[in-house]
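Enquirer: File name upload25.pdb; file contents PDB, C-alpha atoms; full text below.
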```
ATOM      1  CA  MET A1280      -3.528 -39.145   3.056  1.00  0.00           C
ATOM      2  CA  PRO A1281      -3.842 -36.079   5.307  1.00  0.00           C
ATOM      3  CA  ASN A1282      -6.527 -33.564   4.470  1.00  0.00           C
ATOM      4  CA  ALA A1283      -5.518 -30.968   1.892  1.00  0.00           C
ATOM      5  CA  VAL A1284      -4.981 -27.436   3.096  1.00  0.00           C
ATOM      6  CA  LYS A1285      -8.203 -25.511   2.445  1.00  0.00           C
ATOM      7  CA  SER A1286      -7.090 -21.938   3.115  1.00  0.00           C
ATOM      8  CA  VAL A1287      -4.111 -19.848   4.162  1.00  0.00           C
ATOM      9  CA  GLY A1288      -4.056 -16.347   5.602  1.00  0.00           C
ATOM     10  CA  ILE A1289      -0.949 -14.267   4.857  1.00  0.00           C
ATOM     11  CA  GLY A1290      -0.938 -11.242   7.128  1.00  0.00           C
ATOM     12  CA  VAL A1291       0.856  -8.008   6.339  1.00  0.00           C
ATOM     13  CA  THR A1292       2.537  -5.417   8.505  1.00  0.00           C
ATOM     14  CA  GLY A1293       5.002  -2.816   7.302  1.00  0.00           C
ATOM     15  CA  HIS A1294       6.177   0.746   7.268  1.00  0.00           C
ATOM     16  CA  ARG A1295       4.552   3.703   5.615  1.00  0.00           C
ATOM     17  CA  PRO A1296       6.657   5.737   3.151  1.00  0.00           C
ATOM     18  CA  ASN A1297       8.371   7.731   5.910  1.00  0.00           C
ATOM     19  CA  GLY A1298       9.751   4.433   7.213  1.00  0.00           C
ATOM     20  CA  LEU A1299      10.863   3.297   3.770  1.00  0.00           C
ATOM     21  CA  LYS A1300      13.295   6.100   2.962  1.00  0.00           C
ATOM     22  CA  GLY A1301      16.130   3.600   2.543  1.00  0.00           C
ATOM     23  CA  ALA A1302      14.088   1.401   0.233  1.00  0.00           C
ATOM     24  CA  ASP A1303      14.395   0.676  -3.452  1.00  0.00           C
ATOM     25  CA  TRP A1304      10.663   0.544  -4.126  1.00  0.00           C
ATOM     26  CA  GLU A1305      10.887  -1.421  -7.350  1.00  0.00           C
ATOM     27  CA  LEU A1306      13.303  -3.957  -5.868  1.00  0.00           C
ATOM     28  CA  LEU A1307      11.062  -4.284  -2.806  1.00  0.00           C
ATOM     29  CA  ARG A1308       8.092  -4.960  -5.052  1.00  0.00           C
ATOM     30  CA  VAL A1309      10.045  -7.586  -7.011  1.00  0.00           C
ATOM     31  CA  ARG A1310      11.101  -9.276  -3.770  1.00  0.00           C
ATOM     32  CA  ILE A1311       7.497  -9.418  -2.522  1.00  0.00           C
ATOM     33  CA  ARG A1312       6.266 -10.699  -5.883  1.00  0.00           C
ATOM     34  CA  LYS A1313       8.824 -13.510  -5.839  1.00  0.00           C
ATOM     35  CA  ILE A1314       7.911 -14.523  -2.287  1.00  0.00           C
ATOM     36  CA  LEU A1315       4.174 -14.643  -3.051  1.00  0.00           C
ATOM     37  CA  SER A1316       4.709 -16.441  -6.362  1.00  0.00           C
ATOM     38  CA  LEU A1317       6.617 -19.136  -4.496  1.00  0.00           C
ATOM     39  CA  MET A1318       3.613 -19.682  -2.222  1.00  0.00           C
ATOM     40  CA  PHE A1319       1.364 -20.054  -5.288  1.00  0.00           C
ATOM     41  CA  GLU A1320       3.728 -22.552  -6.932  1.00  0.00           C
ATOM     42  CA  ILE A1321       3.824 -24.665  -3.775  1.00  0.00           C
ATOM     43  CA  ALA A1322       0.039 -24.510  -3.412  1.00  0.00           C
ATOM     44  CA  LYS A1323      -0.353 -25.778  -6.991  1.00  0.00           C
ATOM     45  CA  GLY A1324       2.093 -28.609  -6.337  1.00  0.00           C
ATOM     46  CA  GLU A1325       4.723 -27.246  -8.725  1.00  0.00           C
ATOM     47  CA  ARG A1326       7.336 -27.366  -5.975  1.00  0.00           C
ATOM     48  CA  THR A1327       7.593 -30.232  -3.537  1.00  0.00           C
ATOM     49  CA  GLY A1328       9.829 -30.939  -0.609  1.00  0.00           C
ATOM     50  CA  PRO A1329       9.801 -32.976   2.594  1.00  0.00           C
ATOM     51  CA  LEU A1330       6.056 -32.397   3.071  1.00  0.00           C
ATOM     52  CA  LYS A1331       4.154 -34.617   0.647  1.00  0.00           C
ATOM     53  CA  ASP A1332       0.603 -33.984   1.935  1.00  0.00           C
ATOM     54  CA  ILE A1333      -0.093 -30.874  -0.155  1.00  0.00           C
ATOM     55  CA  ARG A1334      -2.469 -32.206  -2.769  1.00  0.00           C
ATOM     56  CA  GLY A1335      -5.795 -31.398  -4.338  1.00  0.00           C
ATOM     57  CA  PRO A1336      -7.162 -28.039  -5.556  1.00  0.00           C
ATOM     58  CA  VAL A1337      -5.215 -24.852  -4.949  1.00  0.00           C
ATOM     59  CA  PRO A1338      -6.390 -23.628  -1.545  1.00  0.00           C
ATOM     60  CA  ALA A1339      -7.884 -20.195  -0.982  1.00  0.00           C
ATOM     61  CA  ILE A1340      -5.011 -17.894  -0.084  1.00  0.00           C
ATOM     62  CA  HIS A1341      -5.945 -14.603   1.510  1.00  0.00           C
ATOM     63  CA  ILE A1342      -3.760 -11.519   1.865  1.00  0.00           C
ATOM     64  CA  ILE A1343      -4.813  -9.843   5.130  1.00  0.00           C
ATOM     65  CA  SER A1344      -3.908  -6.156   4.796  1.00  0.00           C
ATOM     66  CA  PRO A1345      -5.257  -2.930   6.326  1.00  0.00           C
ATOM     67  CA  LEU A1346      -4.065  -1.124   3.150  1.00  0.00           C
ATOM     68  CA  ALA A1347      -2.101   1.631   4.865  1.00  0.00           C
ATOM     69  CA  GLU A1348       0.088   3.498   2.369  1.00  0.00           C
ATOM     70  CA  GLY A1349       3.469   1.922   1.805  1.00  0.00           C
ATOM     71  CA  ALA A1350       4.171  -1.745   2.475  1.00  0.00           C
ATOM     72  CA  ASP A1351       0.547  -2.744   3.144  1.00  0.00           C
ATOM     73  CA  GLN A1352      -0.494  -1.584  -0.292  1.00  0.00           C
ATOM     74  CA  ILE A1353       2.466  -3.133  -2.126  1.00  0.00           C
ATOM     75  CA  VAL A1354       1.827  -6.596  -0.655  1.00  0.00           C
ATOM     76  CA  ALA A1355      -1.903  -6.268  -1.363  1.00  0.00           C
ATOM     77  CA  GLU A1356      -1.254  -5.307  -4.995  1.00  0.00           C
ATOM     78  CA  GLU A1357       1.196  -8.140  -5.559  1.00  0.00           C
ATOM     79  CA  GLY A1358      -1.093 -10.611  -3.818  1.00  0.00           C
ATOM     80  CA  LEU A1359      -3.985  -9.718  -6.104  1.00  0.00           C
ATOM     81  CA  SER A1360      -1.703  -9.969  -9.146  1.00  0.00           C
ATOM     82  CA  THR A1361      -0.635 -13.433  -8.022  1.00  0.00           C
ATOM     83  CA  GLY A1362      -4.261 -14.544  -7.806  1.00  0.00           C
ATOM     84  CA  PHE A1363      -4.898 -14.366  -4.063  1.00  0.00           C
ATOM     85  CA  GLU A1364      -7.954 -12.876  -2.408  1.00  0.00           C
ATOM     86  CA  LEU A1365      -7.659  -9.639  -0.439  1.00  0.00           C
ATOM     87  CA  HIS A1366      -9.199  -9.250   3.013  1.00  0.00           C
ATOM     88  CA  CYS A1367      -9.025  -5.828   4.656  1.00  0.00           C
ATOM     89  CA  PRO A1368      -9.509  -5.165   8.371  1.00  0.00           C
ATOM     90  CA  LEU A1369      -9.707  -1.349   8.524  1.00  0.00           C
ATOM     91  CA  PRO A1370      -9.051   0.586  11.733  1.00  0.00           C
ATOM     92  CA  PHE A1371     -11.775   3.148  10.890  1.00  0.00           C
ATOM     93  CA  LYS A1372     -14.643   3.761   8.539  1.00  0.00           C
ATOM     94  CA  GLN A1373     -13.376   4.560   5.066  1.00  0.00           C
ATOM     95  CA  GLU A1374     -13.962   8.316   5.172  1.00  0.00           C
ATOM     96  CA  GLU A1375     -12.165   8.567   8.507  1.00  0.00           C
ATOM     97  CA  TYR A1376      -9.303   6.322   7.484  1.00  0.00           C
ATOM     98  CA  GLU A1377      -8.721   8.368   4.338  1.00  0.00           C
ATOM     99  CA  ARG A1378      -7.614  11.307   6.499  1.00  0.00           C
ATOM    100  CA  ASP A1379      -4.373   9.446   7.218  1.00  0.00           C
ATOM    101  CA  PHE A1380      -3.188   9.147   3.603  1.00  0.00           C
ATOM    102  CA  SER A1381      -0.505  11.677   2.801  1.00  0.00           C
ATOM    103  CA  THR A1382      -0.725  11.879  -1.005  1.00  0.00           C
ATOM    104  CA  PRO A1383      -3.503  11.763  -3.604  1.00  0.00           C
ATOM    105  CA  LYS A1384      -1.708   8.824  -5.262  1.00  0.00           C
ATOM    106  CA  SER A1385      -1.681   6.649  -2.138  1.00  0.00           C
ATOM    107  CA  LEU A1386      -5.311   7.551  -1.449  1.00  0.00           C
ATOM    108  CA  GLU A1387      -6.324   6.539  -4.957  1.00  0.00           C
ATOM    109  CA  GLU A1388      -4.410   3.278  -4.615  1.00  0.00           C
ATOM    110  CA  PHE A1389      -6.220   2.623  -1.330  1.00  0.00           C
ATOM    111  CA  ARG A1390      -9.615   3.154  -2.966  1.00  0.00           C
ATOM    112  CA  CYS A1391      -8.770   0.932  -5.930  1.00  0.00           C
ATOM    113  CA  LEU A1392      -7.494  -1.884  -3.725  1.00  0.00           C
ATOM    114  CA  LEU A1393     -10.450  -1.623  -1.354  1.00  0.00           C
ATOM    115  CA  ALA A1394     -12.827  -1.961  -4.304  1.00  0.00           C
ATOM    116  CA  ARG A1395     -11.122  -5.255  -5.221  1.00  0.00           C
ATOM    117  CA  ALA A1396     -11.226  -6.719  -1.709  1.00  0.00           C
ATOM    118  CA  ALA A1397     -13.258  -9.874  -1.179  1.00  0.00           C
ATOM    119  CA  LEU A1398     -13.878  -8.985   2.469  1.00  0.00           C
ATOM    120  CA  VAL A1399     -13.756  -5.643   4.311  1.00  0.00           C
ATOM    121  CA  THR A1400     -14.170  -5.315   8.081  1.00  0.00           C
ATOM    122  CA  VAL A1401     -14.380  -1.960   9.860  1.00  0.00           C
ATOM    123  CA  LEU A1402     -13.077  -2.146  13.428  1.00  0.00           C
ATOM    124  CA  GLY A1403     -13.541   1.360  14.796  1.00  0.00           C
ATOM    125  CA  GLY A1404     -15.273   4.687  14.583  1.00  0.00           C
ATOM    126  CA  LYS A1405     -13.752   8.141  14.306  1.00  0.00           C
ATOM    127  CA  GLY A1406     -10.866   8.121  16.757  1.00  0.00           C
ATOM    128  CA  GLU A1407     -11.226  11.632  18.124  1.00  0.00           C
ATOM    129  CA  THR A1408      -7.954  11.631  20.075  1.00  0.00           C
ATOM    130  CA  GLU A1409      -4.464  10.414  19.251  1.00  0.00           C
ATOM    131  CA  ALA A1410      -4.795   7.725  21.919  1.00  0.00           C
ATOM    132  CA  GLU A1411      -8.041   6.484  20.380  1.00  0.00           C
ATOM    133  CA  ARG A1412      -6.530   6.384  16.902  1.00  0.00           C
ATOM    134  CA  ASP A1413      -3.518   4.461  18.197  1.00  0.00           C
ATOM    135  CA  ALA A1414      -5.872   1.989  19.865  1.00  0.00           C
ATOM    136  CA  PHE A1415      -7.776   1.400  16.630  1.00  0.00           C
ATOM    137  CA  TYR A1416      -4.539   0.893  14.684  1.00  0.00           C
ATOM    138  CA  THR A1417      -3.402  -1.607  17.296  1.00  0.00           C
ATOM    139  CA  SER A1418      -6.733  -3.412  16.975  1.00  0.00           C
ATOM    140  CA  ALA A1419      -6.302  -3.596  13.201  1.00  0.00           C
ATOM    141  CA  GLY A1420      -2.819  -5.078  13.577  1.00  0.00           C
ATOM    142  CA  ARG A1421      -4.091  -7.664  16.024  1.00  0.00           C
ATOM    143  CA  GLU A1422      -6.972  -8.536  13.724  1.00  0.00           C
ATOM    144  CA  VAL A1423      -4.427  -9.197  10.976  1.00  0.00           C
ATOM    145  CA  LEU A1424      -2.669 -11.629  13.314  1.00  0.00           C
ATOM    146  CA  ARG A1425      -5.906 -13.282  14.383  1.00  0.00           C
ATOM    147  CA  ARG A1426      -6.819 -14.124  10.786  1.00  0.00           C
ATOM    148  CA  SER A1427      -3.345 -15.136   9.613  1.00  0.00           C
ATOM    149  CA  ASP A1428      -1.301 -18.328   9.492  1.00  0.00           C
ATOM    150  CA  VAL A1429       1.927 -16.461   8.732  1.00  0.00           C
ATOM    151  CA  LEU A1430       3.021 -12.812   8.719  1.00  0.00           C
ATOM    152  CA  ILE A1431       4.960 -10.836   6.099  1.00  0.00           C
ATOM    153  CA  ALA A1432       6.693  -7.888   7.754  1.00  0.00           C
ATOM    154  CA  VAL A1433       8.446  -5.110   5.823  1.00  0.00           C
ATOM    155  CA  TRP A1434      10.394  -3.836   8.809  1.00  0.00           C
ATOM    156  CA  ASP A1435      13.568  -1.845   9.420  1.00  0.00           C
ATOM    157  CA  GLY A1436      14.361  -3.886  12.541  1.00  0.00           C
ATOM    158  CA  ASN A1437      14.093  -0.903  14.879  1.00  0.00           C
ATOM    159  CA  PRO A1438      11.957  -0.775  18.052  1.00  0.00           C
ATOM    160  CA  ALA A1439       8.365   0.405  17.866  1.00  0.00           C
ATOM    161  CA  ARG A1440       7.906   4.154  17.411  1.00  0.00           C
ATOM    162  CA  GLY A1441       4.225   4.138  18.295  1.00  0.00           C
ATOM    163  CA  ALA A1442       1.297   1.949  19.276  1.00  0.00           C
ATOM    164  CA  GLY A1443       0.211  -0.531  16.628  1.00  0.00           C
ATOM    165  CA  GLY A1444       3.375  -0.072  14.581  1.00  0.00           C
ATOM    166  CA  THR A1445       5.286  -2.695  12.641  1.00  0.00           C
ATOM    167  CA  ALA A1446       7.711  -3.632  15.414  1.00  0.00           C
ATOM    168  CA  GLN A1447       4.872  -4.165  17.880  1.00  0.00           C
ATOM    169  CA  ILE A1448       2.931  -6.401  15.500  1.00  0.00           C
ATOM    170  CA  VAL A1449       6.053  -8.454  14.732  1.00  0.00           C
ATOM    171  CA  GLN A1450       6.670  -8.904  18.453  1.00  0.00           C
ATOM    172  CA  GLU A1451       3.078  -9.978  19.063  1.00  0.00           C
ATOM    173  CA  ALA A1452       3.280 -12.432  16.164  1.00  0.00           C
ATOM    174  CA  LYS A1453       6.365 -13.998  17.734  1.00  0.00           C
ATOM    175  CA  GLN A1454       4.637 -14.164  21.119  1.00  0.00           C
ATOM    176  CA  ALA A1455       1.721 -15.920  19.409  1.00  0.00           C
ATOM    177  CA  MET A1456       4.173 -18.489  17.977  1.00  0.00           C
ATOM    178  CA  MET A1457       3.516 -17.399  14.394  1.00  0.00           C
ATOM    179  CA  SER A1458       6.210 -17.629  11.724  1.00  0.00           C
ATOM    180  CA  VAL A1459       7.283 -14.257  10.301  1.00  0.00           C
ATOM    181  CA  VAL A1460       8.748 -13.592   6.847  1.00  0.00           C
ATOM    182  CA  TRP A1461      10.795 -10.483   7.570  1.00  0.00           C
ATOM    183  CA  ILE A1462      11.759  -8.389   4.542  1.00  0.00           C
ATOM    184  CA  LEU A1463      14.301  -5.787   5.526  1.00  0.00           C
ATOM    185  CA  ALA A1464      12.881  -2.337   4.764  1.00  0.00           C
ATOM    186  CA  GLN A1465      16.252  -1.073   3.524  1.00  0.00           C
ATOM    187  CA  THR A1466      17.838  -2.075   0.244  1.00  0.00           C
ATOM    188  CA  PRO A1467      18.783  -4.772  -0.781  1.00  0.00           C
ATOM    189  CA  HIS A1468      15.668  -6.025   1.062  1.00  0.00           C
ATOM    190  CA  ARG A1469      17.058  -9.326   2.269  1.00  0.00           C
ATOM    191  CA  ILE A1470      14.669 -11.747   3.893  1.00  0.00           C
ATOM    192  CA  LYS A1471      14.957 -13.349   7.302  1.00  0.00           C
ATOM    193  CA  ILE A1472      12.683 -16.105   8.546  1.00  0.00           C
ATOM    194  CA  LEU A1473      11.605 -15.856  12.187  1.00  0.00           C
ATOM    195  CA  VAL A1474      10.086 -19.123  13.408  1.00  0.00           C
ATOM    196  CA  PRO A1475       9.018 -20.370  16.844  1.00  0.00           C
ATOM    197  CA  GLN A1476      11.957 -22.056  18.533  1.00  0.00           C
ATOM    198  CA  ASP A1477       9.806 -24.810  20.023  1.00  0.00           C
ATOM    199  CA  PRO A1478       7.833 -26.537  17.216  1.00  0.00           C
ATOM    200  CA  ARG A1479       5.409 -27.950  19.796  1.00  0.00           C
ATOM    201  CA  LYS A1480       4.237 -24.428  20.557  1.00  0.00           C
ATOM    202  CA  LYS A1481       3.482 -23.363  17.005  1.00  0.00           C
ATOM    203  CA  ARG A1482       0.286 -21.410  16.798  1.00  0.00           C
ATOM    204  CA  ARG A1483      -0.922 -23.363  13.795  1.00  0.00           C
ATOM    205  CA  ASN A1484      -0.011 -26.548  12.003  1.00  0.00           C
ATOM    206  CA  ASN A1485      -0.485 -25.541   8.372  1.00  0.00           C
ATOM    207  CA  SER A1486       1.498 -27.817   6.087  1.00  0.00           C
ATOM    208  CA  LEU A1487       1.414 -25.370   3.181  1.00  0.00           C
ATOM    209  CA  VAL A1488       2.932 -22.597   5.301  1.00  0.00           C
ATOM    210  CA  GLU A1489       5.546 -24.992   6.639  1.00  0.00           C
ATOM    211  CA  GLU A1490       6.573 -25.931   3.110  1.00  0.00           C
ATOM    212  CA  TRP A1491       6.707 -22.253   2.090  1.00  0.00           C
ATOM    213  CA  ILE A1492       8.881 -21.405   5.086  1.00  0.00           C
ATOM    214  CA  ARG A1493      11.267 -24.250   4.208  1.00  0.00           C
ATOM    215  CA  TRP A1494      11.798 -22.875   0.680  1.00  0.00           C
ATOM    216  CA  LEU A1495      12.180 -19.306   1.919  1.00  0.00           C
ATOM    217  CA  ALA A1496      14.650 -20.367   4.602  1.00  0.00           C
ATOM    218  CA  ALA A1497      16.743 -22.064   1.912  1.00  0.00           C
ATOM    219  CA  GLU A1498      16.697 -18.834  -0.121  1.00  0.00           C
ATOM    220  CA  GLU A1499      17.690 -16.825   2.942  1.00  0.00           C
ATOM    221  CA  LYS A1500      20.905 -18.848   3.207  1.00  0.00           C
ATOM    222  CA  THR A1501      21.906 -17.945  -0.367  1.00  0.00           C
ATOM    223  CA  GLN A1502      21.563 -14.170   0.069  1.00  0.00           C
TER     224      GLN A1502
END
```
For this file, write the structure as structure tokens.

Expert:
Amino acid sequence: MPNAVKSVGIGVTGHRPNGLKGADWELLRVRIRKILSLMFEIAKGERTGPLKDIRGPVPAIHIISPLAEGADQIVAEEGLSTGFELHCPLPFKQEEYERDFSTPKSLEEFRCLLARAALVTVLGGKGETEAERDAFYTSAGREVLRRSDVLIAVWDGNPARGAGGTAQIVQEAKQAMMSVVWILAQTPHRIKILVPQDPRKKRRNNSLVEEWIRWLAAEEKTQ
């Protein structure tokens, strides 16, 4: 029997509130919860399909999120509620990063989620100029990809509007041959599965992710 999957990293990229103006926030949250719950059910062996090698204890599943306000926080919250660990690569030190939160509510949510994280990594310093801040945000997005087996992207489908943004991270995930679970940022928040066209070039061979993608792809066809 093949070795059981020991861990899975689910990376997150997504828009801040100004990029989610066409969203139904509660419906988006429900969609994310359903997607993550499916992963948990598969990991526990409650759903089986063509891949029969997923056995043994439930593997460690990590949500990899920088906790920016908006989509990053929603996926982190739902991941913790599902029972996954939270790992947070931050673009700046906490006090510097907090300057970029637009409301007291989103800042408080950031602090609460950060306190529950199993692992926090700080990637940069202050970011005195706009170019420096963009570079640190890009580094955080790339760190998400480096640690992940699959990416969840809450994305409007439009081209990148700035360095390190959602569209750029999705493009780099595709270039790295990583599967992407794309949740459309606008209601009704349909999902689309983006997978490498050549299976031989897949970045990773994680049977649990492959099984998850199969179930999600089947759901995509029913939307």

Enquirer: A:Lys1313, A:Lys1285, A:His1294, A:Arg1395: which is nearest Asp1435 of chain A, counting all atoms listed in the file?

Expert: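 Counting all atoms listed in the file, the residue closest to Asp1435 of chain A is A:His1294.
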
Enquirer: Ranking A:Gly1406, A:Gly1288, A:Pro1296, A:Glu1374 by minimum distance to Ala1339 of chain A and counting all atoms listed in the file, which one comes first?

Expert: A:Gly1288

Enquirer: Applied to this file, what does the PyMOL selection byres ((chain A and resi 1491) around 9) return in terms of residues, put as an NGL selection string?

Expert: :A and (1314 or 1317-1318 or 1321-1322 or 1486-1490 or 1492-1496)

Enquirer: Report the residues retrieved by the PyMOL selection byres ((chain A and resi 1355-1370) around 8) from the displayed file, expressed as an NGL selection string.

Expert: :A and (1308 or 1311-1312 or 1315-1316 or 1319 or 1339-1346 or 1351-1354 or 1371-1373 or 1376 or 1392-1393 or 1395-1404 or 1415-1416 or 1418-1419 or 1422-1423)

Enquirer: Please report the interatomic distance between atom CA of Arg1426 of chain A and atom CA of Val1291 of chain A in Å with one decimal.

Expert: 10.8 Å

Enquirer: Check the smallest atom-to-atom distance from each of A:Met1457, A:Leu1386, A:Val1287, A:Val1337 to Lys1323 of chain A using all atoms listed in the file, then report the winner.

Expert: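 Closest to Lys1323 of chain A of all the choices is A:Val1337.
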
Enquirer: Name the closest residue to Ala1350 of chain A among the candidates A:Ala1464, A:Ile1289, A:Leu1306, A:Met1456; distances are taken between atoms, counting only C-alpha atoms.

Expert: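 Once distances to Ala1350 of chain A are computed over only C-alpha atoms, the minimum belongs to A:Ala1464.
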
Enquirer: Quick check, in Å to one decimal: how far apart do atom CA of Gly1443 of chain A and atom CA of Ala1414 of chain A lie?

Expert: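 Atom-to-atom, atom CA of Gly1443 of chain A to atom CA of Ala1414 of chain A, that is 7.3 Å.
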
Enquirer: Ranking A:Asp1303, A:Gly1290, A:Ile1470, A:Glu1498 by minimum distance to Ile1448 of chain A and counting all atoms listed in the file, which one comes first?

Expert: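 Among A:Asp1303, A:Gly1290, A:Ile1470, A:Glu1498, it is A:Gly1290 that comes nearest to Ile1448 of chain A.
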
Enquirer: Find, counting all atoms listed in the file, the residue in A:Gly1436, A:Gly1301, A:Gly1293, A:Gly1444 that gets nearest to Gln1465 of chain A.

Expert: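 Of the candidates, the smallest distance to Gln1465 of chain A is held by A:Gly1301.
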
Enquirer: Go ahead and compute the interatomic distance for atom CA of Leu1463 of chain A and atom CA of Trp1434 of chain A, in Å to one decimal.

Expert: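 So the two atoms, atom CA of Leu1463 of chain A and atom CA of Trp1434 of chain A, lie 5.5 Å apart.
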